[in-house]
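S.K.: Just so it is clear, I am handing over query.pdb, which has PDB, C-alpha atoms (C1' of nucleotides).
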```
ATOM      1  CA  MET A   1       0.000   0.000   0.000
ATOM      2  CA  PRO A   2       2.303   2.543  -1.325
ATOM      3  CA  GLU A   3       3.287   5.891  -0.045
ATOM      4  CA  LEU A   4       6.237   7.667  -1.609
ATOM      5  CA  PRO A   5       8.915   5.404  -0.035
ATOM      6  CA  GLU A   6       7.304   2.252  -1.394
ATOM      7  CA  VAL A   7       6.982   3.855  -4.821
ATOM      8  CA  GLU A   8      10.680   4.702  -4.735
ATOM      9  CA  ASN A   9      11.371   1.060  -3.853
ATOM     10  CA  ALA A  10       9.261  -0.026  -6.814
ATOM     11  CA  ARG A  11      11.203   2.321  -9.070
ATOM     12  CA  THR A  12      14.458   0.712  -7.993
ATOM     13  CA  VAL A  13      12.964  -2.720  -8.717
ATOM     14  CA  ILE A  14      12.306  -1.592 -12.282
ATOM     15  CA  ALA A  15      15.742   0.001 -12.541
ATOM     16  CA  ARG A  16      17.504  -3.121 -11.270
ATOM     17  CA  ALA A  17      15.545  -5.822 -13.047
ATOM     18  CA  GLY A  18      13.434  -4.310 -15.830
ATOM     19  CA  LEU A  19      15.686  -2.136 -17.983
ATOM     20  CA  HIS A  20      17.457  -2.975 -21.258
ATOM     21  CA  ARG A  21      15.477  -6.137 -21.895
ATOM     22  CA  ARG A  22      13.707  -6.538 -25.212
ATOM     23  CA  ILE A  23       9.928  -6.574 -24.822
ATOM     24  CA  VAL A  24       8.299  -9.365 -26.822
ATOM     25  CA  ASP A  25       4.769  -9.274 -25.417
ATOM     26  CA  VAL A  26       2.549  -6.970 -23.365
ATOM     27  CA  ASP A  27      -0.566  -7.902 -21.427
ATOM     28  CA  ASP A  28      -2.697  -4.767 -21.514
ATOM     29  CA  HIS A  29      -6.131  -6.367 -21.588
ATOM     30  CA  ASP A  30      -7.320  -4.699 -18.358
ATOM     31  CA  THR A  31      -8.975  -1.625 -19.806
ATOM     32  CA  TRP A  32      -9.707  -0.181 -16.372
ATOM     33  CA  VAL A  33      -6.067  -0.170 -15.289
ATOM     34  CA  CYS A  34      -4.856   0.740 -18.792
ATOM     35  CA  ARG A  35      -7.498   3.399 -19.467
ATOM     36  CA  PRO A  36      -7.891   5.259 -21.768
ATOM     37  CA  HIS A  37      -6.043   2.820 -24.014
ATOM     38  CA  PRO A  38      -7.957   0.112 -25.879
ATOM     39  CA  PRO A  39      -6.548  -3.417 -25.564
ATOM     40  CA  GLY A  40      -3.459  -3.866 -27.712
ATOM     41  CA  GLN A  41      -2.573  -0.196 -27.995
ATOM     42  CA  ILE A  42       0.121  -0.258 -25.309
ATOM     43  CA  ARG A  43       1.293  -3.614 -26.634
ATOM     44  CA  ALA A  44       1.724  -2.247 -30.144
ATOM     45  CA  ALA A  45       3.654   0.733 -28.802
ATOM     46  CA  LEU A  46       6.102  -1.310 -26.700
ATOM     47  CA  VAL A  47       6.817  -4.602 -28.483
ATOM     48  CA  ASP A  48      10.422  -4.748 -29.742
ATOM     49  CA  ARG A  49      11.468  -1.861 -27.529
ATOM     50  CA  GLU A  50      13.217  -1.775 -24.157
ATOM     51  CA  LEU A  51      12.671   0.256 -21.019
ATOM     52  CA  THR A  52      15.728   2.479 -20.707
ATOM     53  CA  VAL A  53      15.256   4.655 -17.589
ATOM     54  CA  ALA A  54      12.849   4.573 -14.635
ATOM     55  CA  HIS A  55      11.805   7.906 -13.099
ATOM     56  CA  ARG A  56       9.622   8.924 -10.166
ATOM     57  CA  ARG A  57       7.917  12.132  -9.090
ATOM     58  CA  GLY A  58       5.734  11.915  -6.043
ATOM     59  CA  LYS A  59       3.891   8.634  -6.303
ATOM     60  CA  SER A  60       4.001   8.512 -10.123
ATOM     61  CA  MET A  61       6.594   6.569 -12.075
ATOM     62  CA  TRP A  62       7.428   6.625 -15.756
ATOM     63  CA  CYS A  63       9.860   4.790 -17.981
ATOM     64  CA  GLU A  64      11.517   5.995 -21.131
ATOM     65  CA  THR A  65      11.675   3.465 -23.966
ATOM     66  CA  SER A  66      14.201   2.752 -26.702
ATOM     67  CA  GLU A  67      14.142   4.141 -30.240
ATOM     68  CA  ASP A  68      12.213   7.253 -29.260
ATOM     69  CA  GLY A  69       9.340   5.126 -28.080
ATOM     70  CA  PRO A  70       6.522   6.390 -25.876
ATOM     71  CA  VAL A  71       6.826   7.016 -22.158
ATOM     72  CA  LEU A  72       5.241   4.281 -20.054
ATOM     73  CA  GLY A  73       3.468   5.733 -17.017
ATOM     74  CA  ILE A  74       3.005   3.529 -13.950
ATOM     75  CA  HIS A  75       1.010   4.373 -10.843
ATOM     76  CA  LEU A  76       0.618   1.823  -8.050
ATOM     77  CA  GLY A  77      -2.647   3.189  -6.668
ATOM     78  CA  MET A  78      -3.376   1.872  -3.192
ATOM     79  CA  SER A  79      -2.597  -1.822  -3.630
ATOM     80  CA  GLY A  80      -0.196  -2.075  -6.563
ATOM     81  CA  LYS A  81       3.252  -3.644  -6.529
ATOM     82  CA  ILE A  82       5.926  -4.151  -9.144
ATOM     83  CA  VAL A  83       7.192  -7.723  -9.342
ATOM     84  CA  VAL A  84       9.803  -9.029 -11.750
ATOM     85  CA  ALA A  85       9.787 -12.796 -12.282
ATOM     86  CA  ASP A  86      11.804 -15.322 -14.271
ATOM     87  CA  ALA A  87      10.378 -17.375 -17.112
ATOM     88  CA  ASP A  88       9.459 -20.112 -14.626
ATOM     89  CA  GLY A  89       7.621 -17.662 -12.358
ATOM     90  CA  THR A  90      10.309 -17.335  -9.701
ATOM     91  CA  GLU A  91      10.397 -13.820  -8.332
ATOM     92  CA  VAL A  92      13.578 -11.986  -9.192
ATOM     93  CA  ASP A  93      12.801  -8.662  -7.547
ATOM     94  CA  GLY A  94       9.954  -6.927  -5.763
ATOM     95  CA  GLY A  95       8.618 -10.210  -4.440
ATOM     96  CA  ASP A  96       9.498  -9.502  -0.829
ATOM     97  CA  TYR A  97       6.903  -6.751  -0.825
ATOM     98  CA  TRP A  98       3.751  -8.788  -0.687
ATOM     99  CA  GLU A  99       0.666  -9.481   1.361
ATOM    100  CA  ARG A 100       0.581 -12.346   3.808
ATOM    101  CA  GLY A 101      -0.652 -15.734   2.728
ATOM    102  CA  ARG A 102       0.170 -15.526  -0.947
ATOM    103  CA  ALA A 103       1.596 -18.668  -2.484
ATOM    104  CA  ALA A 104       4.831 -18.270  -4.429
ATOM    105  CA  GLY A 105       4.146 -17.623  -8.098
ATOM    106  CA  ASP A 106       0.512 -16.622  -7.516
ATOM    107  CA  TYR A 107       0.069 -13.766  -9.950
ATOM    108  CA  ARG A 108      -3.711 -13.815 -10.195
ATOM    109  CA  TYR A 109      -3.792 -10.069  -9.579
ATOM    110  CA  ALA A 110      -1.280  -9.175 -12.284
ATOM    111  CA  ARG A 111      -3.153  -6.414 -14.127
ATOM    112  CA  PHE A 112      -0.425  -5.532 -16.601
ATOM    113  CA  ALA A 113       2.729  -7.327 -17.677
ATOM    114  CA  LEU A 114       5.709  -6.939 -19.955
ATOM    115  CA  THR A 115       7.240 -10.179 -21.211
ATOM    116  CA  PHE A 116      10.898 -10.017 -22.128
ATOM    117  CA  ALA A 117      12.808 -12.005 -24.739
ATOM    118  CA  ASP A 118      14.062 -14.526 -22.175
ATOM    119  CA  GLY A 119      10.556 -15.184 -20.890
ATOM    120  CA  GLY A 120      10.959 -13.069 -17.752
ATOM    121  CA  ARG A 121       8.132 -10.718 -16.846
ATOM    122  CA  LEU A 122       7.648  -7.365 -15.179
ATOM    123  CA  MET A 123       4.195  -7.160 -13.631
ATOM    124  CA  LEU A 124       1.920  -4.662 -11.982
ATOM    125  CA  VAL A 125       0.249  -6.826  -9.348
ATOM    126  CA  ASP A 126      -2.731  -4.934  -7.987
ATOM    127  CA  PRO A 127      -5.694  -6.640  -6.263
ATOM    128  CA  ARG A 128      -7.869  -3.533  -6.059
ATOM    129  CA  ARG A 129      -7.137  -2.338  -9.595
ATOM    130  CA  LEU A 130      -6.600   1.199  -8.372
ATOM    131  CA  GLY A 131      -3.235   1.334 -10.127
ATOM    132  CA  ARG A 132      -2.817   2.842 -13.510
ATOM    133  CA  ILE A 133      -0.774   2.193 -16.632
ATOM    134  CA  ARG A 134      -0.777   4.677 -19.480
ATOM    135  CA  LEU A 135       1.309   5.984 -22.313
ATOM    136  CA  ASP A 136       2.745   9.496 -22.115
ATOM    137  CA  PRO A 137       1.289  10.399 -18.688
ATOM    138  CA  PRO A 138       0.889  14.104 -17.825
ATOM    139  CA  ILE A 139       3.756  14.293 -15.316
ATOM    140  CA  GLU A 140       3.977  18.066 -15.667
ATOM    141  CA  GLU A 141       0.606  18.402 -13.917
ATOM    142  CA  LEU A 142       2.154  17.179 -10.670
ATOM    143  CA  GLY A 143       3.512  19.559  -8.071
ATOM    144  CA  PRO A 144       7.176  19.506  -7.077
ATOM    145  CA  ASP A 145       8.379  16.211  -5.635
ATOM    146  CA  ALA A 146       8.100  16.153  -1.840
ATOM    147  CA  THR A 147      11.693  14.960  -1.475
ATOM    148  CA  ALA A 148      13.058  17.963  -3.363
ATOM    149  CA  ILE A 149      10.638  20.811  -2.669
ATOM    150  CA  THR A 150      12.245  24.175  -1.898
ATOM    151  CA  PRO A 151      11.038  26.508   0.880
ATOM    152  CA  GLU A 152       9.764  28.914  -1.785
ATOM    153  CA  GLN A 153       7.821  26.168  -3.527
ATOM    154  CA  PHE A 154       6.495  24.930  -0.201
ATOM    155  CA  ARG A 155       5.173  28.350   0.774
ATOM    156  CA  ALA A 156       3.655  28.854  -2.665
ATOM    157  CA  MET A 157       1.985  25.451  -2.458
ATOM    158  CA  LEU A 158       0.282  26.281   0.839
ATOM    159  CA  GLY A 159      -0.390  29.813  -0.371
ATOM    160  CA  ARG A 160      -3.981  30.555  -1.162
ATOM    161  CA  GLY A 161      -7.419  29.170  -0.528
ATOM    162  CA  THR A 162      -9.589  27.959   2.279
ATOM    163  CA  ALA A 163      -8.855  24.254   2.021
ATOM    164  CA  PRO A 164      -8.024  22.392   5.215
ATOM    165  CA  VAL A 165      -4.247  22.107   5.362
ATOM    166  CA  LYS A 166      -4.520  18.328   5.301
ATOM    167  CA  ALA A 167      -6.390  18.456   1.985
ATOM    168  CA  ARG A 168      -3.685  20.687   0.524
ATOM    169  CA  LEU A 169      -0.891  18.374   1.655
ATOM    170  CA  LEU A 170      -2.670  15.508  -0.108
ATOM    171  CA  ASP A 171      -3.149  17.483  -3.343
ATOM    172  CA  GLN A 172      -0.658  15.961  -5.785
ATOM    173  CA  HIS A 173      -0.928  19.036  -8.019
ATOM    174  CA  ALA A 174       0.337  21.165  -5.133
ATOM    175  CA  VAL A 175       3.090  18.858  -3.880
ATOM    176  CA  ALA A 176       3.669  15.353  -5.213
ATOM    177  CA  GLY A 177       4.213  12.415  -2.911
ATOM    178  CA  ILE A 178       2.420  13.042   0.387
ATOM    179  CA  GLY A 179      -0.135  10.353   1.208
ATOM    180  CA  ASN A 180      -2.584   9.969   4.057
ATOM    181  CA  LEU A 181      -0.199   8.589   6.663
ATOM    182  CA  LEU A 182       2.616  10.976   5.783
ATOM    183  CA  ALA A 183       0.199  13.913   5.937
ATOM    184  CA  ASP A 184      -0.954  12.924   9.424
ATOM    185  CA  ASP A 185       2.649  12.552  10.551
ATOM    186  CA  ILE A 186       3.636  15.949   9.144
ATOM    187  CA  LEU A 187       0.710  17.701  10.843
ATOM    188  CA  TRP A 188       1.336  15.933  14.144
ATOM    189  CA  ARG A 189       5.050  16.723  14.053
ATOM    190  CA  ALA A 190       4.341  20.386  13.208
ATOM    191  CA  LYS A 191       1.548  20.571  15.811
ATOM    192  CA  VAL A 192      -0.968  21.883  13.299
ATOM    193  CA  HIS A 193      -4.645  20.920  13.329
ATOM    194  CA  PRO A 194      -5.561  19.069  10.096
ATOM    195  CA  GLY A 195      -8.654  21.197   9.573
ATOM    196  CA  ARG A 196      -6.937  24.565   9.725
ATOM    197  CA  PRO A 197      -7.608  26.559   6.533
ATOM    198  CA  VAL A 198      -4.347  27.132   4.675
ATOM    199  CA  ASP A 199      -4.821  30.907   4.557
ATOM    200  CA  GLU A 200      -4.937  31.008   8.366
ATOM    201  CA  LEU A 201      -1.536  29.370   8.857
ATOM    202  CA  THR A 202       1.022  31.527  10.614
ATOM    203  CA  THR A 203       4.580  31.963   9.424
ATOM    204  CA  ASP A 204       5.657  29.705  12.284
ATOM    205  CA  ASP A 205       3.147  27.049  11.218
ATOM    206  CA  VAL A 206       4.501  27.089   7.675
ATOM    207  CA  SER A 207       8.085  26.766   8.908
ATOM    208  CA  ALA A 208       7.136  23.891  11.188
ATOM    209  CA  LEU A 209       5.254  22.174   8.356
ATOM    210  CA  LEU A 210       8.253  22.463   6.043
ATOM    211  CA  ARG A 211      10.581  21.035   8.668
ATOM    212  CA  ALA A 212       8.133  18.234   9.458
ATOM    213  CA  THR A 213       7.714  17.404   5.761
ATOM    214  CA  ARG A 214      11.472  17.206   5.277
ATOM    215  CA  TYR A 215      11.850  14.987   8.335
ATOM    216  CA  ALA A 216       8.936  12.639   7.598
ATOM    217  CA  ILE A 217       9.866  12.158   3.950
ATOM    218  CA  ARG A 218      13.574  11.717   4.639
ATOM    219  CA  THR A 219      13.190   9.184   7.418
ATOM    220  CA  SER A 220      10.463   7.154   5.737
ATOM    221  CA  VAL A 221      12.415   6.932   2.483
ATOM    222  CA  ARG A 222      15.502   5.925   4.466
ATOM    223  CA  ASP A 223      13.507   3.236   6.288
ATOM    224  CA  GLY A 224      11.879   1.992   3.096
ATOM    225  CA  GLY A 225       8.338   2.764   4.204
ATOM    226  CA  VAL A 226       6.147   4.766   6.543
ATOM    227  CA  HIS A 227       6.012   2.022   9.170
ATOM    228  CA  THR A 228       8.442   3.776  11.520
ATOM    229  CA  LEU A 229       6.552   7.082  11.730
ATOM    230  CA  GLY A 230       5.718   7.980  15.329
ATOM    231  CA  SER A 231       2.292   9.322  14.429
ATOM    232  CA  LEU A 232       1.080   5.818  13.561
ATOM    233  CA  LYS A 233       0.489   5.437  17.317
ATOM    234  CA  LEU A 234      -2.342   7.944  16.951
ATOM    235  CA  ARG A 235      -4.362   5.624  14.769
ATOM    236  CA  GLY A 236      -7.163   3.387  15.926
ATOM    237  CA  PRO A 237      -9.686   3.529  18.771
ATOM    238  CA  ASP A 238      -6.936   3.090  21.368
ATOM    239  CA  GLY A 239      -4.581   5.511  19.661
ATOM    240  CA  ARG A 240      -2.531   7.871  21.780
ATOM    241  CA  CYS A 241      -0.163  10.738  21.168
ATOM    242  CA  PRO A 242       3.449   9.506  21.461
ATOM    243  CA  ARG A 243       4.442  12.899  22.903
ATOM    244  CA  ASP A 244       1.957  13.463  25.681
ATOM    245  CA  GLY A 245      -0.018  10.229  25.867
ATOM    246  CA  SER A 246      -3.382  11.884  25.383
ATOM    247  CA  PRO A 247      -6.067   9.921  23.516
ATOM    248  CA  SER A 248      -6.196  10.812  19.841
ATOM    249  CA  GLU A 249      -9.150  12.158  17.895
ATOM    250  CA  HIS A 250     -10.129  11.459  14.331
ATOM    251  CA  GLY A 251     -12.141  13.069  11.601
ATOM    252  CA  VAL A 252     -12.322  13.317   7.831
ATOM    253  CA  TYR A 253     -10.286  16.004   6.080
ATOM    254  CA  GLY A 254      -9.631  16.053   2.374
ATOM    255  CA  GLY A 255     -11.818  12.985   2.147
ATOM    256  CA  ARG A 256      -9.451  10.816   4.185
ATOM    257  CA  THR A 257      -9.594   9.548   7.744
ATOM    258  CA  THR A 258      -7.306  11.715   9.825
ATOM    259  CA  TRP A 259      -5.905  10.979  13.282
ATOM    260  CA  PHE A 260      -4.465  13.730  15.400
ATOM    261  CA  CYS A 261      -3.636  14.827  18.947
ATOM    262  CA  PRO A 262      -6.309  17.263  20.192
ATOM    263  CA  VAL A 263      -3.898  18.687  22.783
ATOM    264  CA  ASP A 264      -0.916  19.416  20.508
ATOM    265  CA  GLN A 265      -2.844  20.168  17.351
ATOM    266  CA  ARG A 266      -5.299  22.914  18.183
ATOM    267  CA  ARG A 267      -7.421  24.794  15.713
TER     268      ARG A 267
ATOM    269  C1'  DT B   1     -20.937 -10.522   8.385
ATOM    270  C1'  DA B   2     -19.964  -5.552   7.970
ATOM    271  C1'  DT B   3     -16.857  -1.842   7.482
ATOM    272  C1'  DA B   4     -12.826   0.816   6.461
ATOM    273  C1'  DG B   5      -8.771   1.511   3.722
ATOM    274  C1'  DT B   6      -0.995   3.966   2.943
ATOM    275  C1'  DG B   7      -4.864   6.727  -3.984
ATOM    276  C1'  DT B   8      -6.721   9.051  -7.850
ATOM    277  C1'  DT B   9     -10.230  11.232 -10.624
ATOM    278  C1'  DA B  10     -14.781  12.437 -12.711
ATOM    279  C1'  DT B  11     -18.512  14.918 -11.340
ATOM    280  C1'  DC B  12     -21.227  17.975  -8.706
ATOM    281  C1'  DG B  13     -22.202  22.242  -6.141
ATOM    282  C1'  DG B  14     -20.945  26.755  -4.296
TER     283       DG B  14
ATOM    284  C1'  DA C   1     -13.199  29.512 -13.828
ATOM    285  C1'  DC C   2     -11.742  28.157  -9.236
ATOM    286  C1'  DC C   3     -12.114  25.510  -5.131
ATOM    287  C1'  DG C   4     -13.551  21.858  -2.330
ATOM    288  C1'  DA C   5     -16.433  17.613  -1.199
ATOM    289  C1'  DT C   6     -17.974  13.188  -2.603
ATOM    290  C1'  DA C   7     -18.530   8.770  -4.934
ATOM    291  C1'  DA C   8     -16.528   5.139  -7.442
ATOM    292  C1'  DC C   9     -13.119   1.797  -8.507
ATOM    293  C1'  DA C  10     -12.441  -4.009  -6.226
ATOM    294  C1'  DC C  11     -10.513  -6.539  -2.988
ATOM    295  C1'  DT C  12      -8.517  -7.604   1.802
ATOM    296  C1'  DA C  13      -8.003  -7.226   6.681
ATOM    297  C1'  DT C  14     -10.155  -6.637  10.961
TER     298       DT C  14
END
```
Represent the structure from my file as structure tokens, please.

M.R.:
Amino acid sequence: MPELPEVENARTVIARAGLHRRIVDVDDHDTWVCRPHPPGQIRAALVDRELTVAHRRGKSMWCETSEDGPVLGIHLGMSGKIVVADADGTEVDGGDYWERGRAAGDYRYARFALTFADGGRLMLVDPRRLGRIRLDPPIEELGPDATAITPEQFRAMLGRGTAPVKARLLDQHAVAGIGNLLADDILWRAKVHPGRPVDELTTDDVSALLRATRYAIRTSVRDGGVHTLGSLKLRGPDGRCPRDGSPSEHGVYGGRTTWFCPVDQRR
DNA sequence: TATAGTGTTATCGG
DNA sequence: ACCGATAACACTAT
């Protein structure tokens, strides 16, 4: 269930195991995941080419292809994973990132796959089909990547409007790469209430939010996931604030369940 | 058995 | 036109 760190891991899986291999077949029959492309369109565009570079911005990935081919956009959605397997189905890379209880070689949720000349495959495995594969994705519509955002860009991103700050942090057009758990961690760390309208943030709030964003993104990427974030302790009916031990509260902001400390994070 | 969910986007309303 | 809220997508975990 990817946040930015897991997407970066997936990008490295592609970079390690999916580049410079001739594509001989493409399974693009899932027209929901591959929308708006009709079946066969992505296949026709990729067969006999290779992936040459794997990029990431926020939670979106894209690969350049050989011979001035199209760009292949990959988004993992909420349940997608990249798995590279050998011709016999043995996982070569990405296979350690998997839900419990799956039998080895069970690719029933592969929604898209590239087959290489040696029979190996690169798959988007995605039970919920919330992931997305498309040609020439509109990367330029994304905000600056959360790992590289400058203070000026950060201030501009929060800038105008009446949106709850949590909703703005989740807006991939404003800043790319902050998901629900990272947003809660950033707000908790900065001691800002998730429902505060962005145009009511003080200069100190903005500074604290920038520092918290830097910290949360850096440490979660370093740890390979968001599982080490302190704010996770806020979640659930028995959730408590790791700083002061007070019971957490929750609500919906920006359409997502939000857990916060009512003592630290006042309106 | 019922409900919520680490994401995005089309659509609707103000 | 801009901004924000909501539903939908399909399956799993609790």

S.K.: Name all residues at most 12 Å from DT3 in chain B (count all atoms listed in the file; drop same-chain ones fewer than 3 positions away) and give them as a PDB file with C-alpha atoms (C1' of nucleotides), in the coordinates of the input.

M.R.:
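Written file, part_30.pdb:
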```
ATOM      1  C1'  DT C  12      -8.517  -7.604   1.802  1.00  0.00           C
ATOM      2  C1'  DA C  13      -8.003  -7.226   6.681  1.00  0.00           C
ATOM      3  C1'  DT C  14     -10.155  -6.637  10.961  1.00  0.00           C
TER       4       DT C  14
END
```

S.K.: Set up a box along x, y and z of the file covering all listed atoms of range 1-10 of chain C, add 5 Å on every one of the six sides, and write the centre and edge lengths in Å to one decimal, as JSON.

M.R.:
```
{"center_x": -15.1, "center_y": 12.8, "center_z": -7.5, "size_x": 16.8, "size_y": 43.5, "size_z": 22.6}
```

S.K.: When the PyMOL selection byres ((chain A) within 9 of (chain B)) is applied to the structure above, which residues does it catch, written out as a PyMOL selection string?

M.R.: chain A and resi 1-3+76-79+130-131+179-182+226

S.K.: Any idea what's packed within 10 Å of range 34-44 of chain A, counting all atoms listed in the file, ignoring anything in its chain fewer than 2 positions away? Could you give it as a list of chain:residue names?

M.R.: A:Ile23, A:Val24, A:Asp25, A:Val26, A:Asp27, A:Asp28, A:His29, A:Asp30, A:Thr31, A:Trp32, A:Leu46, A:Val47, A:Asp48, A:Pro70, A:Leu72, A:Gly73, A:Ile74, A:Arg111, A:Phe112, A:Ala113, A:Leu114, A:Arg129, A:Gly131, A:Arg132, A:Ile133, A:Arg134, A:Leu135

S.K.: Which chain C residues are at most 8 Å from chain A (counting only C-alpha atoms (C1' of nucleotides)), as JSON, numbers by chain?

M.R.: {"C": [3, 4, 5, 6, 9, 10, 11]}

S.K.: Hey, can you check how far CA of Leu234 in chain A sits from CA of Ala216 in chain A?

M.R.: 15.4 Å

S.K.: Got a sec: who's within 7 Å of range 11-15 of chain A, counting all atoms listed in the file, leaving out chain neighbours fewer than 4 positions off, as a list in words?

M.R.: Val7, Leu19, Val53, Ala54, His55, Arg56, Met61, Asp93 and Gly94 of chain A

S.K.: Mind pulling up the distance from CA of Glu91 in chain A to CA of Gly69 in chain A?

M.R.: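 Separation between CA of Gly69 in chain A and CA of Glu91 in chain A: 27.4 Å.
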
S.K.: On this structure, which residues satisfy the PyMOL selection byres ((chain A and resi 215) around 12), written as a PyMOL selection string?

M.R.: chain A and resi 146-147+182-183+185-187+189-190+208-214+216-222+226+229-230

S.K.: How many Å separate CA of Arg121 in chain A from CA of Glu67 in chain A?

M.R.: 20.9 Å

S.K.: On this file, the PyMOL selection byres ((chain A and resi 236) around 12) gives some set of residues; write that set as a list in words.

M.R.: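 Matching residues under the PyMOL selection byres ((chain A and resi 236) around 12) are Ser231, Leu232, Lys233, Leu234, Arg235, Pro237, Asp238, Gly239, Arg240, Cys241, Pro247, Ser248, Glu249, His250, Gly251, Thr257, Thr258, Trp259 and Phe260 of chain A; DA4 of chain B; DT14 of chain C.
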